[in-house]
Structures are given as C-alpha cells and as structure tokens.
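Here the structure comes first, spelled out in structure tokens, and everything after it is commentary.
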Amino acid sequence: MPTLTPTPGQLAHAQRRGGRSALLGLGLVGVVALTSPVLGYLEDVGNAREELLGHLSNQARVQADALGVHLLLLEAELARVAEHPMLLPEDGASPAERALLDSAFYHSSLFSEGVALLGPRGERVWSDPPGMSLGVVPITSRPWFQRMLQRKTPTIDLLEGEGGPLVVAVPLVKEGQIKGVLLGEVRTEALPTRSTEETALFLMDARGRLLLPATSRGYQEGFAESLRPLARAPGPLMMGGTRMMGAAAWVGRSELLLVVLEEEETATAGLRSRFLRQLAFHIALLTCTLGLFLVLLRHSYRSLLEAEERLRRQETMAALGTAAALIAHEVKNALNGIQAALSVLRKTPAGSELPVRGLRSQVERLGHLARSLLSFGAPRAALRRNCEMRLLVEDALQAVRMLPESEEVELRTSLEENLTVQGDAALLVSAIDNLVRNAVEAGAVAKDTGLRPAPWVVVNLSREGTDAVLVVEDNAGGVDPRLEPRLWEPFATGRAKGVGLGLPMARTSVEAHGGSLTYTRRPLGSLFTLRLPLESTS
C-alpha cells in the first residue's frame, strides 16, 4: 500500500503559500513602521493646535483689556465734563459753555474724529470740529442712542453703519432727566489694537457688525456670525477656503467682541516638514529592506523549485514503481488463477462449468485491468447522446454479476425509470461498474476476514430535482481512514486486488458530464453518491 506522503503539487502549494505569508508579514511590518511617524505627527499637530489656541486666547484677552481700558479712559473724560454744573445744553450753548468745551476738547488727541454736544432730542449744540459728521439718519433713531436714553448710562457702539467710527456717548443727567449728550468719535486707526503678519484682528458689536477691519467686503455672508462662537471656546473655522484657528474676548463693559485669527498651516508648517522628512526616511528604509528581502526570497524560491523538481522526479519514479508492482501482482494473480483452472480442466469431465467459470473470471479480471490502464493512459473524448440511466446501471450490474465475488454478496437494487441524461454510455457504464465492483469486492473481503458474515450492497437510482442520483452503499467497513485524503488519486489503494485507478477514472468521467461523485463514511461501510444533470425536455 503506498505511503501517505505529500505530493509535489501539495509541497509546491505549501511553499508558495509560505512565500505569500512572508510577503504579507513584511507588509504588516511596513504598515506598522509607517504608522509610527503618522501617529507622532498627528499628536504633534494636536499639541501645536492647543498651543496656538492658548496663544491666541491670551493675545485676544490682552488686546481686549487694552482696548477696554482705552474706552474707559474716553468715557471717563467725557463723564468728567458732563458732570460740570455749568453745562446745560437745553437752551443752546452759552459762551461760558463753549469756553468750557473748547478748553476740554479743542483738538483733543483722545477723540480722533471729534467731540459733539447734543441736546436731549439729538440736535447738535456744539462740535469740534464744527462740521463733524453725525451720520445720515437721525441720531434719535439709532439703537445705541435709544438704549442710552432708556438706561441713562454711558454707551459705546458704532456711530451708524459697519466700519465705524466708534462712538462713546455719555448722557448729561440733571435731577433725573437727560439734559443732553456728550458724544466722542474715534477712528479705527486710533484704537490700541494691532494685527500682525501672522494674525488677523476683528472687532464687532453685539449685532455682528464689523468695526475692524473697516469693511467686510471680501468676506462671505454670515462670516461675522461665525466669529461669535469663539467667545465661548476657541477653535477652528473656515475663512475664504482657508482653515483658521481663532479666539475671542469681550472688550471691558462694552458689547464689543475682539477676535484674533491665525492660519492653522502657519502653526503646523514646521511639523509638516519634519513629518515628511521622517516619512521619507522610513519609506527609504523599508524600500531597501524589501529589496533585500525580495533578493533573498528569489534565491530561496529558486532553491525550492530545484528541490521540488528533484522531489517530483523521485515521486514519479516511486509512483511508477508502485504502479508496476501493483500491475505485476494483479497479472500474476490472474495468471495463477488461469493456470489452476486449466489444471482442473484437464482432470474434469467434459461439460463441467466450474473450470470454465474460473477461466472467464480471470480473463475478465485481466480485461478490466487492461481497460483501466488504457483509459488512464489515453482517455478518449466523450461521445454525447441521450442515455437512459436505468439501462446504464443494469449494464454495469450485469458485468458485476459475472464476478465470482458476486455470489458471496447480496446485491439489492432499486432503479427508477425515465431518467434520461446526455452523455457517453461507455464512460458512464465504466464509472458505475467501478463503483459497484469495488463495493462487491470489498464485501467479499469483509466476509472472508469474518468482519461481515452477511455482506450486502445496495444500488439505488432516483430523481432529486433536476439530477439523477445513483447511490452505492455497502456494509464492508469503509475505506481506511489513512487512505481517505488520497482516495481520488491514481494508484492509491488499500486492497490487495486492485491498482487504484477505478475511482479516479470514475470521478473524471462523471465530472466531464457536468456531474459529481462523492464519498461518505457510514457506520457500517461506505456510501458513494453519483449525480448527473437530467436532460431537459421541451
């Protein structure tokens, strides 16, 4: 019986699978090696963002505090004059009042646009310069003016529209009544806020109107509203397609919001450059390692191919030797049987059937061996035609019943009719013959060895859906478990009688007809299932 050693194809497959596993392992190592600098870069970028946001928060707070102090100074200067008892603008500006205002605000550097004294209904009483602009719409219709009249407290806001100037308004309150308003205007350039090459500065009021820069032209709609959340928490935002990092702070007691923005790319440019250098180094290192590995793998693969070729030749010679021994053994047994039958025939009266039956059995045995070898060495092409499966099975059973072993094995059949397949009758009969012959011979051996006192073989033909299904079952104990992995390989046999070609040729013939042949171990023996597609009828 042949040993269960791996075939050259199996060994080559295992070698190639090992090579693929090695490449996969190297790829995983490369991914891990490249992941390290990527994760380090992402961590550094996160830290840089946190540092940038902290810096912007501090800068926004410092500039907001400076601006708040400046505005409080302006408010205090106006409040100091507004509390003077001589200042009563209800009936116009008297010479004394004009002298007081000129003395306090004439060409004052605190108010770059000028100072004005307004009456309780917003009319101009005095201003420096005399032509100082108070906007287009009436003062009394502006929200900040109405808010000041309602609260009777100083207010700081935009004069009229977006872009400034900024106004500081202080009411003149006498005996609980507003007798007038001192109004100071400041240009944007005069405020103590400064942008840098890296940062952009924005100043906006409670309604989202921009004071800094002087115009919102060039910014998308809703841009000012997108700045307001920065007062709660610094973070990123998009400006003109550029990702920015920003922070904001409220200016003193006013309702002005100071926002500081900086491009995120500026803060991460150095980190990105360092990351690219590290990544290039890792890729170069991995490329060199992969190149060296491929050279070694190619050398190893060539060595494996040479070893595989040597092993294949050895396996071929071993298979040929095994096949030759099996064939010689089978021929010798048949010749011995013929010689014994002839010896008996010489001593037996004429007309005796026993020696003739023995001769016929051994000749059939040699014929089956010759047919198997010829079919295995030069398989012929299938000649397709409509075949009745029941007739094919009966042809095979008729040949099997001629075997001497068939007298010792009970053969049961159940054959359904009208199952037509498209195929080569000779090939299909040969395949069925091999299945039934193996079962009968295995049953005879089981009886001779005492394993089964009453061996039997069941042949069942039926329809299952669109398939004709032939089941051959026996109670001979089943195939040796060590032989099962090589059951369908040529010259693999566990019986003393046989060369191991029947099952491989049977499966090849069935699969050539679009069918299948499978083996199942049963508690008492073996079960072979042959499936063929039925011929469709219109």
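Please note that chains go A, B, ... in the order of the structure tokens, that every chain numbers its residues from 1, and that ligands are numbered from 1 in the order shown.
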
Show me a table, sorted first by chain and then by increasing residue number, of the residues of region 169-284 of chain A having an atom at most 6 Å from region 48-65 of chain A, each with its shortest atom pair and the distance in Å to one decimal, counting only C-alpha atoms and written as a Markdown table.
```
| residue | atom | partner | partner_atom | distance |
| --- | --- | --- | --- | --- |
| A:Ala247 | CA | A:Ser57 | CA | 5.1 |
| A:Ala248 | CA | A:Ala60 | CA | 5.6 |
| A:Ala249 | CA | A:Arg61 | CA | 5.5 |
| A:Val251 | CA | A:Ala64 | CA | 4.8 |
| A:Val260 | CA | A:Ala60 | CA | 5.8 |
```

*Can you list, as a PyMOL selection string, every protein, DNA or RNA residue that comes within 7 Å of region 503-518 of chain A when you count only C-alpha atoms, leaving out same-chain residues fewer than 4 positions away?*
chain A and resi 376+423+427-428+431+434+488-490+528-533

Could you turn the residues from that selection into a file that holds C-alpha atoms, as a PDB file, in the first residue's frame?
```pdb
ATOM      1  CA  PHE A 376      -5.953   6.132 -17.725  1.00  0.00           C
ATOM      2  CA  GLY A 423     -23.586  11.540 -22.074  1.00  0.00           C
ATOM      3  CA  LEU A 427     -17.772   6.089 -19.982  1.00  0.00           C
ATOM      4  CA  LEU A 428     -20.793   6.199 -17.676  1.00  0.00           C
ATOM      5  CA  ALA A 431     -17.812   4.609 -13.908  1.00  0.00           C
ATOM      6  CA  ASN A 434     -16.141   0.631 -10.912  1.00  0.00           C
ATOM      7  CA  TRP A 488      -9.268  10.030  -5.595  1.00  0.00           C
ATOM      8  CA  GLU A 489      -5.559   9.879  -6.517  1.00  0.00           C
ATOM      9  CA  PRO A 490      -4.303   7.331  -9.101  1.00  0.00           C
ATOM     10  CA  PHE A 528     -20.763   6.739  -2.890  1.00  0.00           C
ATOM     11  CA  THR A 529     -23.133   9.295  -4.460  1.00  0.00           C
ATOM     12  CA  LEU A 530     -23.063   9.922  -8.230  1.00  0.00           C
ATOM     13  CA  ARG A 531     -25.019  12.906  -9.557  1.00  0.00           C
ATOM     14  CA  LEU A 532     -25.712  13.724 -13.210  1.00  0.00           C
ATOM     15  CA  PRO A 533     -27.885  16.523 -14.615  1.00  0.00           C
TER      16      PRO A 533
END
```

I need the strand (DSSP E or B) residues of region 361-473 of chain A per DSSP on the backbone, written as a CSV table (one decimal) with C-alpha atoms, in the first residue's frame.
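Produced file part.csv, reproduced below:
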```
chain,number,residue,atom,x,y,z
A,385,ARG,CA,-26.2,11.1,-26.7
A,386,ASN,CA,-29.4,10.6,-24.8
A,387,CYS,CA,-29.0,7.7,-22.3
A,388,GLU,CA,-31.5,6.0,-20.0
A,410,GLU,CA,-26.2,-9.8,-1.5
A,411,LEU,CA,-26.9,-7.2,-4.2
A,412,ARG,CA,-30.1,-5.2,-3.8
A,413,THR,CA,-31.3,-2.7,-6.4
A,414,SER,CA,-34.0,0.0,-6.7
A,415,LEU,CA,-33.9,1.7,-10.1
A,420,THR,CA,-32.5,10.5,-19.3
A,421,VAL,CA,-29.0,12.1,-19.3
A,422,GLN,CA,-26.9,13.4,-22.0
A,423,GLY,CA,-23.6,11.5,-22.1
A,456,TRP,CA,-24.6,-6.6,1.1
A,457,VAL,CA,-24.5,-3.9,-1.5
A,458,VAL,CA,-27.4,-1.5,-2.2
A,459,VAL,CA,-27.7,0.3,-5.5
A,460,ASN,CA,-30.4,3.0,-5.6
A,461,LEU,CA,-31.3,5.2,-8.6
A,462,SER,CA,-33.7,8.1,-8.1
A,463,ARG,CA,-34.5,11.7,-9.1
A,464,GLU,CA,-33.6,14.7,-7.0
A,467,ASP,CA,-30.5,15.5,-11.1
A,468,ALA,CA,-30.3,11.8,-11.5
A,469,VAL,CA,-28.8,10.4,-8.3
A,470,LEU,CA,-27.1,7.0,-8.1
A,471,VAL,CA,-26.2,5.8,-4.5
A,472,VAL,CA,-24.0,2.7,-4.0
A,473,GLU,CA,-23.8,1.7,-0.3
```

_Using only C-alpha atoms: which of A:Pro213, A:Gly176, A:Pro165, A:Gly478 has the shortest distance to Ser526 (chain A)_ = A:Gly478

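Using only C-alpha atoms for every distance, the candidate list A:Pro143, A:Glu484, A:Met148, A:Thr493 yields A:Pro143 as the residue closest to Gly161 (chain A).
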
Can you list every residue in region 81-120 of chain A that DSSP puts in helix (DSSP H, G or I), as an mmCIF file with C-alpha atoms, in the first residue's frame?
```
data_model
loop_
_atom_site.group_PDB
_atom_site.id
_atom_site.type_symbol
_atom_site.label_atom_id
_atom_site.label_comp_id
_atom_site.auth_asym_id
_atom_site.auth_seq_id
_atom_site.Cartn_x
_atom_site.Cartn_y
_atom_site.Cartn_z
ATOM 1 C CA VAL A 81 -17.001 117.285 31.652
ATOM 2 C CA ALA A 82 -20.630 116.077 31.668
ATOM 3 C CA PRO A 89 -27.433 122.424 26.656
ATOM 4 C CA GLU A 90 -31.235 122.691 26.827
ATOM 5 C CA ASP A 91 -31.265 126.309 25.734
ATOM 6 C CA PRO A 95 -20.329 131.488 25.748
ATOM 7 C CA ALA A 96 -19.304 130.004 29.079
ATOM 8 C CA GLU A 97 -20.299 126.538 27.989
ATOM 9 C CA ARG A 98 -18.442 126.923 24.689
ATOM 10 C CA ALA A 99 -15.374 128.073 26.556
ATOM 11 C CA LEU A 100 -15.628 125.032 28.851
ATOM 12 C CA LEU A 101 -15.959 122.618 25.938
ATOM 13 C CA ASP A 102 -13.190 124.296 23.930
ATOM 14 C CA SER A 103 -10.918 124.136 26.906
ATOM 15 C CA ALA A 104 -11.645 120.456 27.462
ATOM 16 C CA PHE A 105 -11.764 119.068 23.913
#
```

*Which is closest to Leu501 (chain A) among A:Glu160, A:Ser430, A:Glu394, A:Lys447, if we use only C-alpha atoms?*
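Nearest to Leu501 (chain A): A:Ser430.
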
*Gap from CA of Glu83 (chain A) to CA of Val181 (chain A) - Å, one decimal*: 11.3 Å

_Interatomic distance, CA of Pro129 (chain A) to CA of Pro171 (chain A) (Å, one decimal)_ =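 If I compute the distance from CA of Pro129 (chain A) to CA of Pro171 (chain A), I get 20.3 Å.
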
*Quick one: distance from CA of Glu185 (chain A) to CA of Glu123 (chain A) in Å, one decimal?*
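Spanning CA of Glu185 (chain A) to CA of Glu123 (chain A) is a straight-line distance of 16.2 Å.
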
*Shortest interatomic distance to Glu75 (chain A) - which of A:Gly40, A:Gly252, A:Gly180, A:Gly502, counting only C-alpha atoms*: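 The answer is A:Gly252, which sits nearest to Glu75 (chain A).
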